[in-house]
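Enquirer: Data file input33.cif (mmCIF, C-alpha atoms) is appended below.
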```cif
data_model
#
loop_
_atom_site.group_PDB
_atom_site.id
_atom_site.type_symbol
_atom_site.label_atom_id
_atom_site.label_comp_id
_atom_site.auth_asym_id
_atom_site.auth_seq_id
_atom_site.Cartn_x
_atom_site.Cartn_y
_atom_site.Cartn_z
ATOM 1 C CA MET Q 1 -26.584 -21.273 -48.402
ATOM 2 C CA LEU Q 2 -23.166 -22.620 -49.348
ATOM 3 C CA PRO Q 3 -20.072 -20.541 -48.646
ATOM 4 C CA PRO Q 4 -18.216 -19.105 -51.669
ATOM 5 C CA PHE Q 5 -15.954 -21.593 -53.445
ATOM 6 C CA GLY Q 6 -12.711 -22.089 -51.553
ATOM 7 C CA GLU Q 7 -14.084 -20.843 -48.240
ATOM 8 C CA PRO Q 8 -14.853 -23.577 -45.696
ATOM 9 C CA SER Q 9 -18.274 -23.897 -44.155
ATOM 10 C CA THR Q 10 -18.645 -23.754 -40.372
ATOM 11 C CA ASN Q 11 -18.767 -27.557 -40.299
ATOM 12 C CA GLU Q 12 -15.630 -27.811 -42.458
ATOM 13 C CA THR Q 13 -13.848 -25.320 -40.208
ATOM 14 C CA PHE Q 14 -14.883 -27.325 -37.138
ATOM 15 C CA ILE Q 15 -13.585 -30.541 -38.706
ATOM 16 C CA HIS Q 16 -10.408 -28.773 -39.872
ATOM 17 C CA TYR Q 17 -9.451 -27.846 -36.321
ATOM 18 C CA THR Q 18 -10.852 -30.755 -34.300
ATOM 19 C CA LEU Q 19 -10.246 -33.813 -36.485
ATOM 20 C CA PRO Q 20 -6.523 -33.889 -35.597
ATOM 21 C CA VAL Q 21 -7.502 -34.183 -31.926
ATOM 22 C CA LEU Q 22 -9.864 -37.055 -32.629
ATOM 23 C CA THR Q 23 -7.324 -38.957 -34.705
ATOM 24 C CA GLY Q 24 -4.281 -38.122 -32.593
ATOM 25 C CA ALA Q 25 -2.633 -36.359 -35.512
ATOM 26 C CA ARG Q 26 -0.571 -33.227 -35.071
ATOM 27 C CA ARG Q 27 -1.302 -31.789 -38.495
ATOM 28 C CA LYS Q 28 -4.368 -29.957 -39.675
ATOM 29 C CA THR Q 29 -6.551 -31.859 -42.109
ATOM 30 C CA ARG Q 30 -9.563 -30.935 -44.147
ATOM 31 C CA MET Q 31 -12.274 -33.303 -45.280
ATOM 32 C CA THR Q 32 -14.041 -32.817 -48.580
ATOM 33 C CA THR Q 33 -17.822 -32.706 -48.688
ATOM 34 C CA TYR Q 34 -17.749 -36.200 -50.210
ATOM 35 C CA GLN Q 35 -15.616 -37.510 -47.332
ATOM 36 C CA LYS Q 36 -17.938 -35.970 -44.759
ATOM 37 C CA ASN Q 37 -21.043 -37.427 -46.384
ATOM 38 C CA ASN Q 38 -19.570 -40.851 -47.145
ATOM 39 C CA GLY Q 39 -16.756 -41.234 -44.619
ATOM 40 C CA VAL Q 40 -18.410 -43.753 -42.329
ATOM 41 C CA ALA Q 41 -20.887 -45.398 -44.677
ATOM 42 C CA GLY Q 42 -18.365 -45.826 -47.508
ATOM 43 C CA SER Q 43 -15.351 -46.718 -45.389
ATOM 44 C CA THR Q 44 -16.135 -50.404 -45.047
ATOM 45 C CA GLN Q 45 -18.201 -53.109 -46.659
ATOM 46 C CA GLU Q 46 -18.841 -54.740 -43.285
ATOM 47 C CA VAL Q 47 -22.001 -54.212 -41.307
ATOM 48 C CA MET Q 48 -21.396 -52.334 -38.086
ATOM 49 C CA LYS Q 49 -22.266 -54.318 -34.976
ATOM 50 C CA VAL Q 50 -22.935 -52.508 -31.702
ATOM 51 C CA GLN Q 51 -20.827 -54.182 -29.011
ATOM 52 C CA TYR Q 52 -22.184 -52.319 -26.003
ATOM 53 C CA THR Q 53 -24.424 -49.373 -25.184
ATOM 54 C CA ALA Q 54 -23.837 -47.429 -21.978
ATOM 55 C CA LYS Q 55 -27.002 -45.969 -20.476
ATOM 56 C CA THR Q 56 -27.139 -43.265 -17.838
ATOM 57 C CA HIS Q 57 -29.711 -40.936 -16.363
ATOM 58 C CA THR Q 58 -28.386 -37.468 -15.531
ATOM 59 C CA SER Q 59 -30.161 -34.592 -13.825
ATOM 60 C CA GLY Q 60 -29.114 -31.204 -12.528
ATOM 61 C CA GLY Q 61 -26.151 -30.531 -14.836
ATOM 62 C CA ARG Q 62 -22.550 -29.890 -13.874
ATOM 63 C CA ARG Q 63 -23.239 -27.843 -10.741
ATOM 64 C CA GLY Q 64 -24.654 -30.229 -8.180
ATOM 65 C CA GLY Q 65 -26.173 -32.655 -10.652
ATOM 66 C CA VAL Q 66 -26.050 -36.430 -10.469
ATOM 67 C CA SER Q 67 -25.683 -39.252 -12.956
ATOM 68 C CA ARG Q 68 -26.444 -42.942 -12.533
ATOM 69 C CA SER Q 69 -25.986 -45.855 -14.890
ATOM 70 C CA ASP Q 70 -28.825 -48.282 -15.509
ATOM 71 C CA ASP Q 71 -26.781 -51.152 -14.021
ATOM 72 C CA GLY Q 72 -25.919 -49.215 -10.835
ATOM 73 C CA ARG Q 73 -22.147 -49.395 -11.406
ATOM 74 C CA LEU Q 74 -21.875 -45.626 -11.845
ATOM 75 C CA ASP Q 75 -23.359 -43.181 -9.364
ATOM 76 C CA VAL Q 76 -21.666 -39.776 -9.376
ATOM 77 C CA LYS Q 77 -22.298 -36.277 -8.151
ATOM 78 C CA PHE Q 78 -21.090 -33.424 -10.319
ATOM 79 C CA SER Q 79 -19.381 -30.180 -9.479
ATOM 80 C CA ALA Q 80 -18.066 -27.603 -11.909
ATOM 81 C CA PRO Q 81 -14.327 -27.446 -12.585
ATOM 82 C CA ILE Q 82 -12.281 -24.918 -10.601
ATOM 83 C CA ILE Q 83 -15.178 -24.211 -8.228
ATOM 84 C CA PRO Q 84 -14.821 -26.027 -4.880
ATOM 85 C CA GLY Q 85 -17.115 -29.009 -4.594
ATOM 86 C CA THR Q 86 -17.261 -32.656 -3.640
ATOM 87 C CA GLY Q 87 -18.164 -34.188 -6.983
ATOM 88 C CA THR Q 88 -16.277 -34.864 -10.171
ATOM 89 C CA ASN Q 89 -16.799 -32.917 -13.376
ATOM 90 C CA PRO Q 90 -17.848 -34.248 -16.777
ATOM 91 C CA GLU Q 91 -14.460 -33.506 -18.343
ATOM 92 C CA GLN Q 92 -12.731 -35.753 -15.779
ATOM 93 C CA LEU Q 93 -15.136 -38.585 -16.554
ATOM 94 C CA PHE Q 94 -14.569 -38.094 -20.277
ATOM 95 C CA ALA Q 95 -10.767 -38.149 -19.781
ATOM 96 C CA ALA Q 96 -10.924 -41.335 -17.692
ATOM 97 C CA GLY Q 97 -13.281 -43.148 -20.055
ATOM 98 C CA TRP Q 98 -11.587 -42.155 -23.303
ATOM 99 C CA SER Q 99 -8.090 -42.976 -22.039
ATOM 100 C CA ALA Q 100 -9.243 -46.410 -20.799
ATOM 101 C CA CYS Q 101 -10.820 -47.128 -24.196
ATOM 102 C CA PHE Q 102 -7.659 -45.903 -25.946
ATOM 103 C CA ILE Q 103 -5.495 -48.355 -23.966
ATOM 104 C CA SER Q 104 -7.884 -51.185 -24.896
ATOM 105 C CA ALA Q 105 -7.797 -50.155 -28.559
ATOM 106 C CA MET Q 106 -3.986 -50.154 -28.527
ATOM 107 C CA GLY Q 107 -4.155 -53.677 -27.093
ATOM 108 C CA VAL Q 108 -6.368 -54.845 -29.962
ATOM 109 C CA VAL Q 109 -4.020 -53.292 -32.532
ATOM 110 C CA ALA Q 110 -0.968 -54.787 -30.785
ATOM 111 C CA ASN Q 111 -2.574 -58.258 -30.826
ATOM 112 C CA ASN Q 112 -3.330 -57.897 -34.534
ATOM 113 C CA MET Q 113 0.333 -56.972 -35.107
ATOM 114 C CA LYS Q 114 1.449 -59.883 -32.916
ATOM 115 C CA ALA Q 115 3.122 -57.372 -30.606
ATOM 116 C CA LYS Q 116 2.899 -57.195 -26.837
ATOM 117 C CA LEU Q 117 2.169 -54.006 -24.932
ATOM 118 C CA PRO Q 118 3.975 -53.483 -21.638
ATOM 119 C CA ALA Q 119 1.947 -54.291 -18.528
ATOM 120 C CA GLU Q 120 2.670 -50.802 -17.170
ATOM 121 C CA ILE Q 121 1.072 -48.994 -20.121
ATOM 122 C CA ALA Q 122 -0.497 -45.734 -19.006
ATOM 123 C CA VAL Q 123 -2.237 -42.725 -20.532
ATOM 124 C CA ASP Q 124 -2.312 -39.279 -18.997
ATOM 125 C CA ALA Q 125 -5.344 -37.640 -20.590
ATOM 126 C CA GLU Q 126 -6.038 -33.923 -20.603
ATOM 127 C CA ILE Q 127 -9.443 -32.688 -21.686
ATOM 128 C CA ASP Q 128 -9.880 -28.951 -22.190
ATOM 129 C CA LEU Q 129 -13.270 -27.255 -22.087
ATOM 130 C CA CYS Q 130 -12.833 -24.470 -24.644
ATOM 131 C CA ASN Q 131 -14.916 -21.750 -26.166
ATOM 132 C CA SER Q 132 -14.653 -19.518 -29.171
ATOM 133 C CA GLY Q 133 -17.286 -16.817 -29.038
ATOM 134 C CA ASP Q 134 -20.519 -18.580 -28.156
ATOM 135 C CA VAL Q 135 -19.335 -22.035 -29.289
ATOM 136 C CA TYR Q 136 -18.093 -24.530 -26.684
ATOM 137 C CA PHE Q 137 -16.059 -27.633 -27.503
ATOM 138 C CA LEU Q 138 -13.642 -30.145 -25.987
ATOM 139 C CA ARG Q 139 -9.983 -30.557 -26.889
ATOM 140 C CA ALA Q 140 -7.927 -33.592 -25.875
ATOM 141 C CA ARG Q 141 -4.275 -34.529 -25.412
ATOM 142 C CA PHE Q 142 -3.010 -38.025 -24.612
ATOM 143 C CA ASN Q 143 0.462 -38.608 -23.215
ATOM 144 C CA VAL Q 144 1.047 -42.340 -23.656
ATOM 145 C CA SER Q 145 3.652 -44.201 -21.614
ATOM 146 C CA LEU Q 146 4.910 -47.532 -22.996
ATOM 147 C CA PRO Q 147 7.789 -48.364 -20.630
ATOM 148 C CA GLY Q 148 10.157 -51.060 -21.805
ATOM 149 C CA LEU Q 149 8.971 -50.992 -25.408
ATOM 150 C CA SER Q 150 12.066 -50.833 -27.600
ATOM 151 C CA ALA Q 151 12.366 -48.675 -30.688
ATOM 152 C CA LYS Q 152 12.638 -51.859 -32.781
ATOM 153 C CA SER Q 153 9.381 -53.335 -31.466
ATOM 154 C CA PRO Q 154 6.362 -53.216 -33.753
ATOM 155 C CA ARG Q 155 4.241 -50.300 -32.611
ATOM 156 C CA PRO Q 156 0.470 -50.218 -32.531
#
```
Would you write the structure of this file as structure tokens?

Expert:
Amino acid sequence: MLPPFGEPSTNETFIHYTLPVLTGARRKTRMTTYQKNNGVAGSTQEVMKVQYTAKTHTSGGRRGGVSRSDDGRLDVKFSAPIIPGTGTNPEQLFAAGWSACFISAMGVVANNMKAKLPAEIAVDAEIDLCNSGDVYFLRARFNVSLPGLSAKSPRP
């Protein structure tokens, strides 16, 4: 059943509050039903090409679980945040991976703009595990350091 006209659905409310995090924006945005249904498929005429697929096998969950990649380059033990333990937690892995990808993406954009990123570029990522009632979600903040980049430089 659709919500009354003018009232957002649960999905629209979710997008309304989380899309700014995903796009790095600081303002709240709302997608129309058309945008939600056609946002990816209608956004480009190019065929999407998968560049890489990461594969892992995880068992045991966040409290004492383990995860291994199919190529053997990742082999981690999990422990829950705040609770003493010897492993990492999934939010830390997400922060590390997303921030590394973000730096690479800025490099691609900088190259396209014929700009150069400083060698000391760094991202401090913060990933929050949140809940609202019985719904759990992640929230992210990136603090990007671009030392030596002047205000007149093209910015990615």

Enquirer: Determine the residue set returned by the PyMOL selection byres ((chain Q and resi 63) around 9) for the present structure, and present it as a list in words.

Expert: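 For this structure, the PyMOL selection byres ((chain Q and resi 63) around 9) captures Gly60, Gly61, Arg62, Gly64, Gly65, Lys77, Phe78, Ser79, Ala80, Gly85, Gly87 and Asn89 of chain Q.
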
Enquirer: Give me, please, the distance in Å between atom CA of Met106 of chain Q and atom CA of Leu138 of chain Q, quoted to one decimal.

Expert: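 Spanning atom CA of Met106 of chain Q to atom CA of Leu138 of chain Q is a straight-line distance of 22.4 Å.
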
Enquirer: Axis-aligned box over every listed atom of segment 100-117 of chain Q, padded by 5 Å per side: centre and edges in Å to one decimal, as AutoDock Vina command-line options?

Expert:
```
--center_x -3.8 --center_y -52.9 --center_z -28.0 --size_x 23.9 --size_y 24.0 --size_z 24.3
```

Enquirer: Exactly which residues make up the result of the PyMOL selection byres ((chain Q and resi 75) around 12) on this file, given as a list in words?

Expert: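 With the shown file as input, the PyMOL selection byres ((chain Q and resi 75) around 12) matches Thr56, His57, Thr58, Ser59, Gly65, Val66, Ser67, Arg68, Ser69, Asp70, Asp71, Gly72, Arg73, Leu74, Val76, Lys77, Phe78, Gly87, Thr88 and Leu93 of chain Q.
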
Enquirer: One decimal, in Å: what's the spacing between atom CA of Ala119 of chain Q and atom CA of Ser99 of chain Q?

Expert: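 Between atom CA of Ala119 of chain Q and atom CA of Ser99 of chain Q the gap is 15.5 Å.
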
Enquirer: Which residue gives the smallest distance to Pro90 of chain Q among Q:Ile127, Q:Val109, Q:Ile121, Q:Ala115, with only C-alpha atoms counted?

Expert: Q:Ile127

Enquirer: Calculated over only C-alpha atoms, which of the candidates Q:Glu46, Q:Gln92, Q:Val123, Q:Thr53 has the smallest distance to Arg141 of chain Q?

Expert: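 Between Q:Glu46, Q:Gln92, Q:Val123, Q:Thr53, the residue approaching Arg141 of chain Q most closely is Q:Val123.
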
Enquirer: If you measure from atom CA of Asn131 of chain Q to atom CA of Phe102 of chain Q, what distance in Å do you get, rounded to one decimal?

Expert: 25.2 Å
